[in-house]
Amino acid sequence: MTLNISVIGTGYLGATHAACMAELGFDVIGVDVDPEKIDSLSRGELPFHEPGLPELIRKHVDSGKLRFITDPDYSTVGAWADVHFVAVGTPQQPGGTGADLTYVDAATVGLAEGITKDSLIVGKSTVPVGTARRLAGLVEEKSRDAVNVSLSWNPEFLREGFAVKDTLTPDRLVVGTDSDADEAVLREVYAEALERETPWISTDFETAELVKVAANAFLATKISFINAFSEVTEAVGGNITTLADAIGFDTRIGRKFLNAGVGFGGGCLPKDIRALQTRVSELGLDHTMTFLDEMDKINLRRRERVVTLSENILDELAGKRIAVLGVTFKPLSDDVRDSPGLDVANRLYTAGAEVSVYDPEGNANAAKRFPRLEYVESLADAAKDADLVVLTTEWNEFKELTPAGLDGLVAQKRFVDARNVLPAADWEKAGWTFAQLGRFYDGL
Ligand code: UDX
């Protein structure tokens, strides 16, 4: 008998998970409280950009393996699914730094009350340590006597832009559970990955929850570590990329996530790190994660550095025309949450510059957040008559830029490459004032 699977919450994580579960051969129902989202997903339309996902959703909506419904009392999926994945958001608390657990609590309790067949609830959302054990207690208390319902935790490590690949071929699977039977069910769900010998880590609730935040904290630390060295090479000289390459050859360190630049952003790393700090403070361990405060500060200082570098190059920002290339927090995404590029664009504007923004996918979301900036439809439109071009997100289109491509367009040949992706020597040879982060410039 194959398992029926429900996925509660059809945002970024849930929509991807639902489509990938259908791709693995399961019958899947995605549930959301928002009827508009359900309608558009049922037509294979996504409210966000993720390569390959709309096609996968359409494929399985058409094949009948994937449906999307609203199910306010969870009675439909509660009578149908064997496994319920909870993939609702855990945003930063309004006015606070901890995680807002309203949605995860409501979905779990709602499911526990609505379930009418023996089944397993599996949390996927990123939560503060201690949440799974608390929710397991609530599930036991709220579920009906006639049915056997339990809870496990299975954190998700997918990256935006690679969500489908990361879900179908994860580099490890982590399950927090106190039941061998539940673990066996999850092994069945992930049988295909297990056949490929994907590492399977079965552990307690607390470890499973902490694995996720520890991974995020480590990645953010790597980025801020190299960016801190950028501050040193900016002061003394040296080449930050060569430094990263050289330490990265040490397999204990590794080269990944050592790209110096304008820093990290997005809907996960910044909020998860703040939530981790808040949680350890609640546990009376304020001192334990103070290094993360420093990571956050280093990260934010990089944005400021781009602004001061721009100002130094232009003498003053007021009245200058600046093209900002890239306002998503990273390429292959339309996500502008906590985006360094968008923050830089807004700071330049606030300092009096005329800012012209171009992003291949992010303009619409950025305009919702900062409507005062000018958004244009092409790189050429942004660069036209610019006194300075600032590259803030390393989309391929920008990585392929050459001096010849911009020479006739800009008013002044001045460039800040805030992601260190272009060959500085070529630009300098072509007569550009060309600045990158982590490099020493006399007077800048
Ligand atoms: C991240 C984690 O990678 C993922 O495992 C977790 O589930 C969610 O958070 P994501 O937010 O999609 O995924 O982005 P990621 O690719 O990790 O990049 C995060 C930020 O770091 C981006 O703003 C990126 O530009 C920046 N970054 C990354 C750097 O500045 N330098 C690097 O070397 C790598």
# chains A, B, ... in the order shown; residues from 1 in each chain; ligands from 1
>>> residues_near_ligand(ligand="ligand 1", cutoff="7 Å", atoms="only C-alpha atoms and all ligand atoms", output="mmCIF file with C-alpha atoms, in the first residue's frame")
data_model
loop_
_atom_site.group_PDB
_atom_site.id
_atom_site.type_symbol
_atom_site.label_atom_id
_atom_site.label_comp_id
_atom_site.auth_asym_id
_atom_site.auth_seq_id
_atom_site.Cartn_x
_atom_site.Cartn_y
_atom_site.Cartn_z
ATOM 1 C CA GLU A 156 14.424 20.974 5.617
ATOM 2 C CA PHE A 157 17.671 22.319 4.200
ATOM 3 C CA LEU A 158 16.589 23.422 0.733
ATOM 4 C CA ARG A 159 18.103 26.465 -0.918
ATOM 5 C CA GLU A 160 16.054 28.883 -2.954
ATOM 6 C CA GLY A 161 16.854 28.508 -6.631
ATOM 7 C CA ASN A 216 22.337 28.011 9.149
ATOM 8 C CA ALA A 220 26.313 32.613 8.087
ATOM 9 C CA ILE A 223 30.233 34.280 5.139
ATOM 10 C CA LYS A 256 32.044 27.000 -0.307
ATOM 11 C CA PHE A 257 30.345 29.963 1.402
ATOM 12 C CA LEU A 258 33.601 31.902 1.468
ATOM 13 C CA ASN A 259 32.606 34.330 -1.275
ATOM 14 C CA ALA A 260 33.240 37.767 0.133
ATOM 15 C CA GLY A 261 30.763 40.431 -0.870
ATOM 16 C CA VAL A 262 27.807 42.428 0.333
ATOM 17 C CA GLY A 263 26.784 39.653 2.718
ATOM 18 C CA PHE A 264 23.909 37.316 3.353
ATOM 19 C CA GLY A 265 20.204 37.983 3.350
ATOM 20 C CA GLY A 266 16.981 36.167 2.514
ATOM 21 C CA GLY A 267 14.030 34.731 4.351
ATOM 22 C CA CYS A 268 16.033 32.157 6.323
ATOM 23 C CA LEU A 269 19.584 32.839 7.493
ATOM 24 C CA PHE A 329 18.999 38.401 -1.962
ATOM 25 C CA LYS A 330 20.649 35.995 -4.402
ATOM 26 C CA SER A 339 18.114 41.576 0.625
#
>>> select_by_dssp(residues="region 83-180 of chain A", states="helix (DSSP H, G or I)", output="PyMOL selection string")
chain A and resi 102-114+131-142+163-168+180
>>> residues_around(residues="Thr328 (chain A)", least_positions_apart="3", cutoff="12 Å", atoms="only C-alpha atoms", output="PyMOL selection string")
chain A and resi 49+160-161+264-267+324-325+331-345+357-367+369+391-395
>>> atom_distance(atom1="CA of His287 (chain A)", atom2="CA of Ala275 (chain A)")
14.9 Å
>>> closest_atom_pairs(of="region 118-217 of chain A", to="region 15-39 of chain A", cutoff="12 Å", atoms="only C-alpha atoms", output="Markdown table")
| residue | atom | partner | partner_atom | distance |
| --- | --- | --- | --- | --- |
| A:Lys124 | CA | A:His17 | CA | 9.6 |
| A:Ser125 | CA | A:His17 | CA | 11.6 |
| A:Asn154 | CA | A:His17 | CA | 12.0 |
| A:Pro155 | CA | A:His17 | CA | 11.8 |
| A:Glu156 | CA | A:His17 | CA | 9.4 |
| A:Phe157 | CA | A:His17 | CA | 11.5 |
| A:Leu158 | CA | A:Thr16 | CA | 9.4 |
| A:Arg159 | CA | A:Thr16 | CA | 11.1 |
| A:Glu160 | CA | A:Thr16 | CA | 10.3 |
| A:Gly161 | CA | A:Thr16 | CA | 11.3 |
| A:Phe162 | CA | A:Thr16 | CA | 10.3 |
| A:Ala163 | CA | A:Thr16 | CA | 6.7 |
| A:Val164 | CA | A:Thr16 | CA | 6.3 |
| A:Lys165 | CA | A:Cys20 | CA | 9.1 |
| A:Asp166 | CA | A:Thr16 | CA | 9.9 |
| A:Thr167 | CA | A:Cys20 | CA | 6.8 |
| A:Leu168 | CA | A:Cys20 | CA | 6.3 |
| A:Thr169 | CA | A:Cys20 | CA | 10.1 |
| A:Pro170 | CA | A:Cys20 | CA | 11.6 |
| A:Glu188 | CA | A:Phe26 | CA | 10.8 |
| A:Val189 | CA | A:Met21 | CA | 8.2 |
| A:Tyr190 | CA | A:Leu24 | CA | 8.6 |
| A:Ala191 | CA | A:Leu24 | CA | 9.2 |
| A:Glu192 | CA | A:Leu24 | CA | 7.6 |
| A:Ala193 | CA | A:Leu24 | CA | 9.8 |
>>> select_by_dssp(residues="region 136-240 of chain A", states="strand (DSSP E or B)", output="number ranges by chain")
A: 149-153, 173-176, 200-203
>>> residues_around(residues="Arg305 (chain A)", least_positions_apart="2", cutoff="10 Å", atoms="only C-alpha atoms", output="list in words")
Glu231, Val262, Leu300, Arg301, Arg302, Arg303, Val307, Thr308, Leu309, Ser310, Glu311, Val344, Ala418, Leu437 and Gly438 of chain A
>>> closest_residue(among="A:Gly52, A:Pro91, A:Pro72, A:Gly64", to="Gly110 (chain A)", atoms="only C-alpha atoms")
A:Pro72
>>> atom_distance(atom1="CA of Val139 (chain A)", atom2="CA of Gly14 (chain A)")
20.7 Å
>>> closest_residue(among="A:Asp245, A:Glu113, A:Glu141, A:Glu282", to="Thr97 (chain A)", atoms="only C-alpha atoms")
A:Glu282
>>> closest_residue(among="A:Leu276, A:Ala404, A:Ala136, A:Val416", to="Ala430 (chain A)", atoms="only C-alpha atoms")
A:Ala404
>>> residues_around(residues="region 172-179 of chain A", least_positions_apart="3", cutoff="12 Å", atoms="only C-alpha atoms", output="ChimeraX atom specification")
/A:120-124,129-133,136,149-158,166-169,182-187,189-194,196-212
>>> residues_around(residues="Ala107 (chain A)", least_positions_apart="5", cutoff="8 Å", atoms="only C-alpha atoms", output="list of chain:residue names")
A:Ile8, A:Val86, A:Val88
>>> write_last_selection(atoms="N, CA and C atoms", output="short mmCIF file (atom, residue, chain, number, x, y, z; two decimals), in the first residue's frame")
data_model
loop_
_atom_site.label_atom_id
_atom_site.label_comp_id
_atom_site.auth_asym_id
_atom_site.auth_seq_id
_atom_site.Cartn_x
_atom_site.Cartn_y
_atom_site.Cartn_z
N ILE A 8 0.82 20.56 4.80
CA ILE A 8 0.06 21.70 5.34
C ILE A 8 0.91 22.96 5.18
N VAL A 86 3.99 19.26 8.07
CA VAL A 86 3.64 20.64 8.42
C VAL A 86 4.75 21.56 7.92
N VAL A 88 4.38 25.12 7.41
CA VAL A 88 3.93 26.52 7.50
C VAL A 88 5.08 27.41 7.96
#
>>> residues_around(residues="region 98-101 of chain A", least_positions_apart="3", cutoff="7 Å", atoms="only C-alpha atoms", output="list in words")
Thr90, Pro91, Gln92, Gln93, Val104, Asp105, Arg274, Ala275, Thr278 and Arg279 of chain A
